[in-house]
file protein-v8.txt (compact mmCIF, C-alpha atoms and all ligand atoms)
# COMPACT_ATOMS: atom_id res chain seq x y z
CA MET H 1 62.16 245.40 245.35
CA ASN H 2 63.73 248.87 245.40
CA LYS H 3 67.47 249.27 246.01
CA ILE H 4 67.12 250.70 249.52
CA ASN H 5 65.00 247.81 250.75
CA ASN H 6 67.17 245.28 248.94
CA CYS H 7 70.05 246.61 251.03
CA LEU H 8 68.03 246.67 254.25
CA ILE H 9 66.18 243.36 253.96
CA ASN H 10 68.51 241.16 251.91
CA LEU H 11 71.73 242.87 253.03
CA ASN H 12 72.55 243.07 249.32
CA ASN H 13 75.79 244.93 248.70
CA SER H 14 75.89 244.92 244.91
CA CYS H 15 75.23 248.67 244.73
CA VAL H 16 75.30 251.74 246.98
CA PRO H 17 71.94 253.55 246.95
CA ILE H 18 71.94 257.21 247.94
CA TRP H 19 69.61 259.69 249.63
CA PHE H 20 70.13 262.54 252.13
CA MET H 21 68.56 263.43 255.45
CA ARG H 22 66.81 266.80 255.10
CA GLN H 23 67.10 266.49 251.31
CA ALA H 24 63.77 268.26 250.86
CA GLY H 25 64.55 271.25 253.01
CA ARG H 26 65.84 274.71 253.26
CA TYR H 27 68.93 274.58 250.99
CA LEU H 28 66.81 274.18 247.84
CA PRO H 29 65.65 277.39 246.12
CA GLU H 30 62.49 275.64 244.87
CA PHE H 31 61.63 274.77 248.51
CA ARG H 32 62.35 278.32 249.72
CA ASN H 33 60.04 279.63 247.06
CA ILE H 34 57.11 277.55 248.38
CA ARG H 35 58.10 278.23 252.01
CA SER H 36 58.11 282.02 251.47
CA GLN H 37 54.46 281.84 250.48
CA ASN H 38 53.57 279.56 253.42
CA PRO H 39 54.60 281.18 256.70
CA ASP H 40 52.83 278.57 258.86
CA PHE H 41 55.24 275.61 258.79
CA LEU H 42 52.88 273.07 260.38
CA LYS H 43 50.13 274.02 257.94
CA LEU H 44 52.59 273.47 255.09
CA CYS H 45 53.43 269.98 256.44
CA LEU H 46 49.68 269.24 256.50
CA ASP H 47 49.00 270.44 252.95
CA SER H 48 49.12 267.14 251.09
CA ASN H 49 49.64 268.64 247.61
CA LEU H 50 52.48 270.93 248.64
CA ALA H 51 54.05 268.30 250.94
CA SER H 52 54.07 265.86 248.04
CA GLU H 53 55.50 268.46 245.66
CA ILE H 54 58.31 269.31 248.11
CA THR H 55 59.05 265.61 248.70
CA LEU H 56 59.64 265.13 244.97
CA GLN H 57 61.80 268.24 244.45
CA PRO H 58 65.16 266.60 245.33
CA ILE H 59 64.25 263.49 243.31
CA GLU H 60 63.66 265.58 240.22
CA ARG H 61 66.88 267.51 240.76
CA PHE H 62 69.25 264.68 241.77
CA ASP H 63 67.53 261.39 240.85
CA LEU H 64 68.12 259.96 244.34
CA ASP H 65 67.13 256.40 245.32
CA ALA H 66 64.70 257.46 248.03
CA ALA H 67 62.27 260.27 248.71
CA ILE H 68 61.61 261.16 252.36
CA ILE H 69 58.14 262.48 252.99
CA PHE H 70 58.05 266.19 253.78
CA SER H 71 56.62 266.29 257.30
CA ASP H 72 58.07 266.78 260.78
CA ILE H 73 58.61 264.64 263.86
CA LEU H 74 56.37 267.06 265.78
CA VAL H 75 53.19 266.35 263.80
CA VAL H 76 52.71 263.46 266.27
CA PRO H 77 52.53 265.61 269.44
CA HIS H 78 50.47 268.12 267.44
CA ALA H 79 47.94 265.36 266.72
CA MET H 80 48.05 264.51 270.45
CA GLY H 81 46.66 267.92 271.30
CA GLN H 82 49.88 269.84 271.95
CA LEU H 83 50.49 273.37 270.76
CA ILE H 84 53.71 273.41 268.69
CA GLU H 85 55.35 276.66 267.62
CA PHE H 86 57.98 276.73 264.91
CA ARG H 87 60.08 279.78 265.70
CA GLU H 88 62.13 281.13 262.84
CA GLY H 89 65.78 280.11 263.05
CA LYS H 90 65.28 278.59 266.51
CA GLY H 91 63.49 275.31 265.91
CA PRO H 92 60.30 274.04 267.47
CA TRP H 93 58.91 275.10 270.84
CA VAL H 94 56.09 273.78 273.04
CA PRO H 95 54.94 276.73 275.17
CA SER H 96 52.62 274.82 277.51
CA PHE H 97 52.80 271.05 277.64
CA ASN H 98 49.38 269.54 278.38
CA LEU H 99 49.83 266.11 280.04
CA ASN H 100 46.12 265.42 280.34
CA LYS H 101 45.44 266.02 276.67
CA LEU H 102 48.38 263.87 275.67
CA LEU H 103 47.42 260.93 277.87
CA ASN H 104 43.75 261.09 276.82
CA THR H 105 44.28 261.37 273.07
CA GLU H 106 41.66 259.38 271.15
CA VAL H 107 42.88 257.18 268.31
CA ASN H 108 40.27 258.44 265.80
CA GLU H 109 41.02 262.06 266.50
CA PHE H 110 44.75 261.42 266.14
CA ILE H 111 44.38 259.66 262.78
CA GLU H 112 42.01 262.37 261.54
CA LYS H 113 44.56 265.10 262.25
CA LEU H 114 47.30 263.19 260.45
CA GLN H 115 45.19 262.31 257.41
CA PRO H 116 46.98 264.93 255.23
CA VAL H 117 50.32 263.17 255.88
CA TYR H 118 48.83 259.89 254.68
CA GLU H 119 47.32 261.61 251.63
CA ALA H 120 50.70 263.20 250.85
CA ILE H 121 52.37 259.77 251.06
CA ASN H 122 49.73 258.25 248.80
CA LYS H 123 50.04 261.02 246.20
CA THR H 124 53.82 260.83 246.28
CA ARG H 125 53.93 257.03 245.97
CA ASN H 126 51.73 257.27 242.87
CA LYS H 127 54.16 259.70 241.23
CA LEU H 128 57.41 258.07 242.32
CA SER H 129 58.94 255.36 240.14
CA LYS H 130 58.86 251.81 241.54
CA ASP H 131 62.62 251.52 241.85
CA LYS H 132 62.69 254.30 244.47
CA SER H 133 61.81 253.97 248.13
CA LEU H 134 59.43 256.35 249.84
CA ILE H 135 60.74 256.80 253.38
CA ALA H 136 58.39 257.85 256.16
CA PHE H 137 59.60 258.64 259.66
CA VAL H 138 58.87 259.19 263.33
CA ALA H 139 61.03 260.37 266.21
CA ALA H 140 61.78 258.03 269.10
CA PRO H 141 59.97 259.00 272.34
CA TRP H 142 63.08 260.51 273.99
CA THR H 143 63.61 263.02 271.16
CA LEU H 144 59.93 264.01 271.35
CA LEU H 145 60.28 264.42 275.14
CA ILE H 146 63.14 266.85 274.57
CA TYR H 147 60.73 269.22 272.80
CA LEU H 148 57.57 268.44 274.81
CA LEU H 149 59.21 269.08 278.18
CA ASN H 150 61.85 271.61 277.04
CA LEU H 151 64.56 269.29 278.29
CA LYS H 152 67.44 270.96 276.48
CA VAL H 153 69.08 274.31 276.82
CA GLU H 154 71.58 275.12 274.10
CA ASN H 155 72.18 271.50 273.17
CA LYS H 156 72.70 270.40 276.80
CA LEU H 157 70.29 268.45 278.97
CA ASP H 158 68.58 270.59 281.62
CA LEU H 159 68.70 268.19 284.59
CA ARG H 160 66.29 270.31 286.68
CA GLN H 161 63.60 270.01 284.01
CA LEU H 162 64.23 266.27 283.77
CA GLU H 163 63.82 265.87 287.54
CA ARG H 164 60.72 268.07 287.59
CA HIS H 165 58.95 265.75 285.13
CA GLU H 166 60.53 262.45 286.18
CA ASN H 167 57.35 260.92 287.66
CA ASN H 168 55.39 261.34 284.44
CA ILE H 169 58.03 260.29 281.94
CA GLU H 170 57.20 256.59 282.00
CA SER H 171 53.51 257.16 281.24
CA ILE H 172 54.33 259.70 278.50
CA ILE H 173 56.74 257.26 276.81
CA LYS H 174 54.11 254.51 276.98
CA LYS H 175 51.47 256.71 275.33
CA LEU H 176 53.91 257.97 272.69
CA ASP H 177 54.92 254.38 271.91
CA GLU H 178 51.28 253.46 271.29
CA PHE H 179 50.60 256.42 268.99
CA LEU H 180 53.93 256.32 267.16
CA LYS H 181 53.10 252.73 266.19
CA ILE H 182 49.73 253.87 264.82
CA HIS H 183 51.48 256.58 262.79
CA ILE H 184 54.10 254.12 261.49
CA LEU H 185 51.47 251.63 260.37
CA ASN H 186 49.27 254.28 258.73
CA GLN H 187 52.24 255.70 256.84
CA LYS H 188 53.04 252.19 255.61
CA LYS H 189 49.40 251.60 254.58
CA ALA H 190 49.41 254.91 252.70
CA GLY H 191 52.34 253.73 250.58
CA ALA H 192 55.58 254.30 252.51
CA ASP H 193 58.17 251.56 251.87
CA THR H 194 60.64 252.18 254.67
CA ILE H 195 60.65 253.82 258.12
CA GLN H 196 63.43 255.88 259.66
CA ILE H 197 63.34 256.43 263.43
CA PHE H 198 65.12 259.62 264.49
CA ASP H 199 66.54 259.73 268.00
CA SER H 200 68.44 262.95 267.33
CA TRP H 201 69.00 263.72 271.01
CA ALA H 202 69.96 260.21 272.21
CA GLY H 203 73.45 261.55 272.94
CA LEU H 204 72.10 263.68 275.82
CA ILE H 205 70.98 260.65 277.87
CA SER H 206 73.26 259.67 280.78
CA SER H 207 74.64 256.14 280.69
CA HIS H 208 72.55 255.36 283.77
CA ASN H 209 69.30 256.03 281.85
CA ILE H 210 70.29 254.89 278.38
CA SER H 211 68.36 251.58 278.41
CA LYS H 212 65.20 253.12 279.81
CA TYR H 213 65.08 256.20 277.57
CA CYS H 214 66.83 254.99 274.41
CA TYR H 215 67.28 251.24 273.84
CA THR H 216 63.92 250.06 275.18
CA PRO H 217 61.67 252.60 273.37
CA ASN H 218 63.61 252.22 270.09
CA ARG H 219 63.47 248.44 270.43
CA SER H 220 59.71 248.53 270.88
CA LEU H 221 59.27 250.53 267.62
CA SER H 222 61.85 248.47 265.73
CA VAL H 223 60.24 245.15 266.74
CA PHE H 224 56.86 246.57 265.72
CA CYS H 225 58.20 247.50 262.28
CA ARG H 226 59.76 244.07 261.80
CA GLN H 227 56.53 242.33 262.88
CA ASN H 228 54.72 244.37 260.25
CA LYS H 229 57.37 243.70 257.60
CA ILE H 230 58.40 247.35 257.38
CA PRO H 231 62.16 247.79 256.88
CA VAL H 232 63.43 250.10 259.60
CA ILE H 233 66.50 252.34 259.89
CA CYS H 234 67.41 253.81 263.29
CA PHE H 235 69.31 257.03 263.77
CA PRO H 236 70.31 257.33 267.44
CA LYS H 237 72.58 260.36 267.21
CA GLY H 238 75.51 260.84 269.58
CA LEU H 239 75.80 257.37 271.16
CA ASN H 240 79.48 256.87 270.29
CA GLU H 241 80.58 253.40 271.47
CA ASN H 242 77.11 252.66 272.88
CA LEU H 243 76.00 252.32 269.27
CA LYS H 244 77.10 248.68 269.35
CA LYS H 245 74.88 247.87 272.33
CA PHE H 246 72.07 249.81 270.62
CA ALA H 247 72.36 247.74 267.42
CA GLU H 248 72.43 244.47 269.38
CA THR H 249 69.44 245.43 271.54
CA VAL H 250 67.23 247.25 269.03
CA LYS H 251 68.03 245.06 265.98
CA PRO H 252 66.85 247.39 263.20
CA ASN H 253 67.47 246.51 259.54
CA GLY H 254 69.78 249.49 259.26
CA ILE H 255 71.64 252.08 261.34
CA ASN H 256 72.34 255.62 260.18
CA LEU H 257 75.79 256.56 261.49
CA ASP H 258 76.36 260.04 262.84
CA TYR H 259 79.52 261.99 262.01
CA GLU H 260 81.12 261.36 265.42
CA VAL H 261 81.40 257.58 265.19
CA ASP H 262 84.53 256.24 263.56
CA PRO H 263 83.48 254.45 260.35
CA LYS H 264 86.48 252.09 260.58
CA TRP H 265 85.43 250.97 264.05
CA VAL H 266 81.89 250.46 262.74
CA ASN H 267 83.11 248.44 259.77
CA LYS H 268 85.03 246.10 262.09
CA ASN H 269 82.36 245.73 264.75
CA PHE H 270 78.98 245.74 262.98
CA ASN H 271 77.73 242.75 261.03
CA ASN H 272 74.42 241.42 259.77
CA LEU H 273 72.82 244.81 259.34
CA CYS H 274 72.86 247.57 256.76
CA LEU H 275 74.83 250.76 257.45
CA GLN H 276 73.88 254.21 256.21
CA GLY H 277 75.42 257.68 256.22
CA GLY H 278 78.18 259.07 258.40
CA MET H 279 79.78 261.98 256.53
CA LYS H 280 79.80 265.31 258.35
CA PRO H 281 77.28 267.79 256.86
CA GLU H 282 79.57 270.79 257.64
CA LEU H 283 82.15 269.29 255.29
CA LEU H 284 79.81 269.95 252.37
CA LEU H 285 80.51 273.66 252.83
CA ASP H 286 84.23 273.00 252.15
CA ASP H 287 86.15 272.62 248.84
CA GLU H 288 84.75 270.18 246.34
CA ASP H 289 88.00 268.15 246.37
CA LYS H 290 87.74 267.55 250.09
CA VAL H 291 84.08 266.60 249.87
CA LEU H 292 84.67 264.07 247.11
CA LYS H 293 87.70 262.63 248.92
CA GLU H 294 85.63 262.10 252.04
CA THR H 295 82.84 260.57 249.93
CA ASP H 296 85.42 258.15 248.57
CA ARG H 297 86.68 257.39 252.07
CA TYR H 298 83.22 256.28 253.27
CA LEU H 299 82.64 254.28 250.06
CA ASP H 300 85.99 252.58 250.49
CA ILE H 301 85.60 251.74 254.18
CA PHE H 302 82.18 250.16 253.61
CA LYS H 303 83.04 248.56 250.24
CA SER H 304 82.16 245.05 251.35
CA LYS H 305 79.15 245.92 253.52
CA PRO H 306 75.53 246.63 252.62
CA TYR H 307 75.80 250.44 252.64
CA ILE H 308 73.42 253.29 251.78
CA PHE H 309 75.15 256.61 251.15
CA ASN H 310 73.83 259.51 253.30
CA LEU H 311 75.25 262.03 255.77
CA GLY H 312 75.80 261.88 259.54
CA HIS H 313 72.96 264.40 260.05
CA GLY H 314 70.76 266.61 257.86
CA ILE H 315 71.96 268.80 254.98
CA LEU H 316 72.69 272.30 256.30
CA PRO H 317 70.67 275.22 254.90
CA GLN H 318 73.84 276.93 253.56
CA THR H 319 74.72 273.92 251.37
CA ASP H 320 75.12 274.53 247.64
CA PRO H 321 72.82 272.09 245.77
CA GLU H 322 75.61 271.65 243.17
CA ILE H 323 77.78 269.75 245.67
CA ILE H 324 74.94 267.29 246.23
CA LYS H 325 74.88 266.66 242.49
CA LYS H 326 78.62 265.95 242.51
CA ILE H 327 78.38 263.53 245.44
CA VAL H 328 75.58 261.66 243.67
CA ALA H 329 77.69 261.41 240.50
CA LYS H 330 80.64 260.07 242.52
CA VAL H 331 78.52 257.44 244.29
CA ARG H 332 77.01 256.37 240.95
CA THR H 333 80.49 255.56 239.58
CA MET H 334 81.01 253.02 242.38
CA LYS H 335 81.19 249.53 240.93
CA ARG H 336 81.04 246.54 243.21
O1 LIG B 1 61.75 277.07 258.89
C1 LIG B 1 61.58 276.14 258.11
O2 LIG B 1 61.60 276.25 256.88
C2 LIG B 1 61.28 274.82 258.70
C3 LIG B 1 62.48 273.98 258.81
C4 LIG B 1 62.09 272.55 258.96
C5 LIG B 1 62.00 271.60 257.93
C6 LIG B 1 62.29 271.80 256.46
C7 LIG B 1 61.68 271.93 260.16
C8 LIG B 1 61.53 272.54 261.48
N1 LIG B 1 61.37 270.60 259.86
C9 LIG B 1 61.56 270.37 258.53
C10 LIG B 1 61.26 269.12 257.80
C11 LIG B 1 61.75 267.85 258.37
N2 LIG B 1 62.03 267.59 259.68
C12 LIG B 1 61.96 266.67 257.63
C13 LIG B 1 61.57 266.60 256.16
C14 LIG B 1 62.13 265.68 255.24
C15 LIG B 1 63.59 265.85 254.89
O3 LIG B 1 64.43 265.24 255.57
O4 LIG B 1 63.90 266.50 253.89
C16 LIG B 1 62.44 265.71 258.54
C17 LIG B 1 62.87 264.27 258.24
C18 LIG B 1 62.47 266.29 259.82
C19 LIG B 1 62.86 265.57 261.04
C20 LIG B 1 63.16 266.34 262.27
N3 LIG B 1 62.54 267.47 262.75
C21 LIG B 1 64.12 265.93 263.24
C22 LIG B 1 64.95 264.68 263.15
C23 LIG B 1 66.12 264.83 262.25
C24 LIG B 1 67.21 265.78 262.68
O5 LIG B 1 67.50 266.68 261.90
O6 LIG B 1 67.76 265.59 263.77
C25 LIG B 1 64.11 266.86 264.27
C26 LIG B 1 64.96 266.84 265.54
C27 LIG B 1 63.10 267.83 263.96
C28 LIG B 1 62.69 268.97 264.78
C29 LIG B 1 62.82 270.21 263.98
N4 LIG B 1 61.86 270.67 263.14
C30 LIG B 1 62.29 271.81 262.52
C31 LIG B 1 63.61 272.07 262.99
C32 LIG B 1 64.44 273.24 262.56
C33 LIG B 1 63.95 271.05 263.88
C34 LIG B 1 65.29 270.83 264.59
C35 LIG B 1 65.48 271.83 265.68
C36 LIG B 1 66.55 271.44 266.65
O7 LIG B 1 67.69 271.23 266.21
O8 LIG B 1 66.20 271.33 267.84

call {"tool": "encode", "arguments": {"input": "protein-v8.txt", "output": "structure tokens"}}
result
Amino acid sequence: MNKINNCLINLNNSCVPIWFMRQAGRYLPEFRNIRSQNPDFLKLCLDSNLASEITLQPIERFDLDAAIIFSDILVVPHAMGQLIEFREGKGPWVPSFNLNKLLNTEVNEFIEKLQPVYEAINKTRNKLSKDKSLIAFVAAPWTLLIYLLNLKVENKLDLRQLERHENNIESIIKKLDEFLKIHILNQKKAGADTIQIFDSWAGLISSHNISKYCYTPNRSLSVFCRQNKIPVICFPKGLNENLKKFAETVKPNGINLDYEVDPKWVNKNFNNLCLQGGMKPELLLDDEDKVLKETDRYLDIFKSKPYIFNLGHGILPQTDPEIIKKIVAKVRTMKR
């Protein structure tokens, strides 16, 4: 069993595996080179040879313990008939949400559109050594809703948009749940070892709606993964103290901490699951000394827990790849 899954399934704490969210992205010159020749981002995600090549770039450079498949959370709504635009520097945009198309998506059509993702996973798994995990991912329904319904304006929830769509939200979540499970299972069948569920915008949900929009949909996906023996890591970003209720309700194998939760509080209050990440990505733009000190701080706090080193969100595009190399070297010196 690879180190990541040994941590997640057996709660083994004899070593600290390491990988990074967004490790295959924009901060790497070798990625930028491919990206500059491929202006259509979605098309690039659905090119199985290039997606596999990009997935392996950070493994070749840093010898990390996991590769995360180069794809996007929005390939799912794309395969459910939605038009997704990736605007430069601004993130994804859905210009005209089509409820009918989404609710009437056919399973075969959906799988057909996502075939290149499964091929990319298969090709990558064949090239990746056995001791490394290949992580596949989906977003939780709420985070997809944020983009589908344009629910956020400048990182704040637009309550008028939420109210406007309120009557349809339940049926959209139900349909997304069904198709996200299909995508999870097909990624596993194609060779993925582990699933990460991103709920990047969970922090925008009011406490009144948190069960309905966050805990329940994440729980449904997490239970599905466990039933299918797929180790699952959840990343509900921005929950603060609600993270404890989330862990108790959703019961994933692992939780990726964001940079706002206090790692000491987590260490005291979370047991019987694997913890991952936490360090603030902005810090990686600071002096090397500070970065390595903070790396040490996380390693020290979680020294007796099953812990996978990662950040509290994705690597920023301005990050110098050399600092990643130094963090990896530091984590590798950790003896337990
Ligand atoms: O312009 C470009 O070059 C495209 C930038 C880019 C990249 C490299 C986007 C657009 N997506 C990706 C790849 C991607 N997205 C991966 C690849 C694997 C890796 O981690 O290296 C992953 C895991 C994602 C997941 C993703 N996409 C999330 C969840 C994680 C997170 O960062 O919170 C989210 C919210 C998205 C939506 C998205 N897609 C792209 C961008 C710039 C965004 C975020 C926009 C926003 O903040 O609203």

call {"tool": "residues_around", "arguments": {"input": "protein-v8.txt", "residues": "Lys280 of chain H", "least_positions_apart": "2", "cutoff": "10 Å", "atoms": "only C-alpha atoms", "output": "ChimeraX atom specification"}}
result
/H:258-260,277-278,282-284,291,294,310-315

call {"tool": "write_last_selection", "arguments": {"input": "protein-v8.txt", "atoms": "C-alpha atoms", "output": "PDB file, in the coordinates of the input"}}
result
ATOM      1  CA  ASP H 258      76.360 260.040 262.840  1.00  0.00           C
ATOM      2  CA  TYR H 259      79.520 261.990 262.010  1.00  0.00           C
ATOM      3  CA  GLU H 260      81.120 261.360 265.420  1.00  0.00           C
ATOM      4  CA  GLY H 277      75.420 257.680 256.220  1.00  0.00           C
ATOM      5  CA  GLY H 278      78.180 259.070 258.400  1.00  0.00           C
ATOM      6  CA  GLU H 282      79.570 270.790 257.640  1.00  0.00           C
ATOM      7  CA  LEU H 283      82.150 269.290 255.290  1.00  0.00           C
ATOM      8  CA  LEU H 284      79.810 269.950 252.370  1.00  0.00           C
ATOM      9  CA  VAL H 291      84.080 266.600 249.870  1.00  0.00           C
ATOM     10  CA  GLU H 294      85.630 262.100 252.040  1.00  0.00           C
ATOM     11  CA  ASN H 310      73.830 259.510 253.300  1.00  0.00           C
ATOM     12  CA  LEU H 311      75.250 262.030 255.770  1.00  0.00           C
ATOM     13  CA  GLY H 312      75.800 261.880 259.540  1.00  0.00           C
ATOM     14  CA  HIS H 313      72.960 264.400 260.050  1.00  0.00           C
ATOM     15  CA  GLY H 314      70.760 266.610 257.860  1.00  0.00           C
ATOM     16  CA  ILE H 315      71.960 268.800 254.980  1.00  0.00           C
TER      17      ILE H 315
END

call {"tool": "residues_near_ligand", "arguments": {"input": "protein-v8.txt", "ligand": "ligand LIG 1 (chain B)", "cutoff": "9 Å", "atoms": "only C-alpha atoms and all ligand atoms", "output": "ChimeraX atom specification"}}
result
/H:20-26,31-32,35-36,39,41-42,45,54-55,58,67-74,86-93,136-139,143-144,146-147,152,155,196-201,235,237,313-315

call {"tool": "residues_around", "arguments": {"input": "protein-v8.txt", "residues": "Ala66 of chain H", "least_positions_apart": "4", "cutoff": "7 Å", "atoms": "all atoms listed in the file", "output": "PyMOL selection string"}}
result
chain H and resi 19+132-135

call {"tool": "closest_residue", "arguments": {"input": "protein-v8.txt", "among": "H:Gly238, H:Pro321, H:Pro141, H:Gly191", "to": "Thr216 of chain H", "atoms": "only C-alpha atoms"}}
result
H:Pro141

call {"tool": "atom_distance", "arguments": {"input": "protein-v8.txt", "atom1": "atom CA of Leu275 of chain H", "atom2": "atom CA of Phe302 of chain H"}}
result
8.3 Å

call {"tool": "axis_aligned_box", "arguments": {"input": "protein-v8.txt", "around": "segment 301-312 of chain H", "padding_each_side": "6 Å", "output": "lines of an AutoDock Vina configuration file"}}
result
center_x = 79.5
center_y = 253.5
center_z = 254.9
size_x = 24.2
size_y = 29.0
size_z = 21.3

call {"tool": "residues_around", "arguments": {"input": "protein-v8.txt", "residues": "Ser171 of chain H", "least_positions_apart": "5", "cutoff": "12 Å", "atoms": "all atoms listed in the file", "output": "list in words"}}
result
Leu99, Asn100, Leu102, Leu103, Asn104, Pro141, Leu145, His165, Glu166, Leu176, Asp177 and Glu178 of chain H

call {"tool": "closest_residue", "arguments": {"input": "protein-v8.txt", "among": "H:Val223, H:Leu83, H:Ala140, H:Ile324", "to": "Lys101 of chain H", "atoms": "only C-alpha atoms"}}
result
H:Leu83

call {"tool": "residues_around", "arguments": {"input": "protein-v8.txt", "residues": "Ile210 of chain H", "least_positions_apart": "6", "cutoff": "12 Å", "atoms": "all atoms listed in the file", "output": "number ranges by chain"}}
result
H: 142, 201-204, 216-218, 236, 238-239, 242-243, 245-246, 249

call {"tool": "closest_residue", "arguments": {"input": "protein-v8.txt", "among": "H:Asn186, H:Ser96, H:Asn38, H:Thr194", "to": "Met1 of chain H", "atoms": "all atoms listed in the file"}}
result
H:Thr194

call {"tool": "residues_around", "arguments": {"input": "protein-v8.txt", "residues": "Val75 of chain H", "least_positions_apart": "5", "cutoff": "10 Å", "atoms": "all atoms listed in the file", "output": "MDAnalysis selection string"}}
result
chainID H and resid 42 45:46 80 82 84 113:114 117 138 183

call {"tool": "closest_residue", "arguments": {"input": "protein-v8.txt", "among": "H:Lys251, H:Lys127, H:His208, H:Lys305", "to": "Ile59 of chain H", "atoms": "all atoms listed in the file"}}
result
H:Lys127

call {"tool": "decode", "arguments": {"input": "protein-v8.txt", "residues": "segment 284-298 of chain H", "atoms": "N, CA, C and O atoms", "output": "mmCIF file, in the first residue's frame"}}
result
data_model
loop_
_atom_site.group_PDB
_atom_site.id
_atom_site.type_symbol
_atom_site.label_atom_id
_atom_site.label_comp_id
_atom_site.auth_asym_id
_atom_site.auth_seq_id
_atom_site.Cartn_x
_atom_site.Cartn_y
_atom_site.Cartn_z
ATOM 1 N N LEU H 284 4.758 31.014 1.521
ATOM 2 C CA LEU H 284 5.807 30.486 0.656
ATOM 3 C C LEU H 284 6.472 31.574 -0.188
ATOM 4 O O LEU H 284 7.491 31.342 -0.829
ATOM 5 N N LEU H 285 5.868 32.777 -0.180
ATOM 6 C CA LEU H 285 6.480 33.894 -0.902
ATOM 7 C C LEU H 285 7.461 34.633 0.008
ATOM 8 O O LEU H 285 8.159 35.549 -0.427
ATOM 9 N N ASP H 286 7.508 34.271 1.292
ATOM 10 C CA ASP H 286 8.344 34.938 2.290
ATOM 11 C C ASP H 286 9.754 34.317 2.329
ATOM 12 O O ASP H 286 10.064 33.418 1.556
ATOM 13 N N ASP H 287 10.581 34.793 3.286
ATOM 14 C CA ASP H 287 11.953 34.267 3.417
ATOM 15 C C ASP H 287 11.953 32.768 3.673
ATOM 16 O O ASP H 287 11.108 32.264 4.406
ATOM 17 N N GLU H 288 12.984 32.137 3.139
ATOM 18 C CA GLU H 288 13.135 30.688 3.303
ATOM 19 C C GLU H 288 13.130 30.267 4.776
ATOM 20 O O GLU H 288 12.478 29.280 5.143
ATOM 21 N N ASP H 289 13.812 31.050 5.629
ATOM 22 C CA ASP H 289 13.878 30.726 7.061
ATOM 23 C C ASP H 289 12.490 30.602 7.671
ATOM 24 O O ASP H 289 12.195 29.671 8.410
ATOM 25 N N LYS H 290 11.662 31.594 7.335
ATOM 26 C CA LYS H 290 10.301 31.611 7.893
ATOM 27 C C LYS H 290 9.491 30.418 7.394
ATOM 28 O O LYS H 290 8.740 29.808 8.144
ATOM 29 N N VAL H 291 9.653 30.114 6.122
ATOM 30 C CA VAL H 291 8.913 28.994 5.533
ATOM 31 C C VAL H 291 9.291 27.684 6.223
ATOM 32 O O VAL H 291 8.425 26.898 6.613
ATOM 33 N N LEU H 292 10.608 27.489 6.409
ATOM 34 C CA LEU H 292 11.052 26.220 6.988
ATOM 35 C C LEU H 292 10.703 26.124 8.475
ATOM 36 O O LEU H 292 10.422 25.048 8.995
ATOM 37 N N LYS H 293 10.675 27.288 9.146
ATOM 38 C CA LYS H 293 10.243 27.311 10.547
ATOM 39 C C LYS H 293 8.780 26.905 10.674
ATOM 40 O O LYS H 293 8.403 26.130 11.552
ATOM 41 N N GLU H 294 7.968 27.440 9.776
ATOM 42 C CA GLU H 294 6.535 27.122 9.804
ATOM 43 C C GLU H 294 6.308 25.642 9.422
ATOM 44 O O GLU H 294 5.437 24.981 9.972
ATOM 45 N N THR H 295 7.112 25.154 8.488
ATOM 46 C CA THR H 295 7.047 23.727 8.130
ATOM 47 C C THR H 295 7.306 22.886 9.379
ATOM 48 O O THR H 295 6.550 21.965 9.692
ATOM 49 N N ASP H 296 8.348 23.266 10.098
ATOM 50 C CA ASP H 296 8.697 22.578 11.344
ATOM 51 C C ASP H 296 7.583 22.645 12.373
ATOM 52 O O ASP H 296 7.315 21.677 13.077
ATOM 53 N N ARG H 297 6.934 23.816 12.443
ATOM 54 C CA ARG H 297 5.855 24.000 13.420
ATOM 55 C C ARG H 297 4.721 22.993 13.153
ATOM 56 O O ARG H 297 4.257 22.326 14.064
ATOM 57 N N TYR H 298 4.300 22.877 11.897
ATOM 58 C CA TYR H 298 3.232 21.911 11.572
ATOM 59 C C TYR H 298 3.684 20.477 11.862
ATOM 60 O O TYR H 298 2.933 19.678 12.418
#
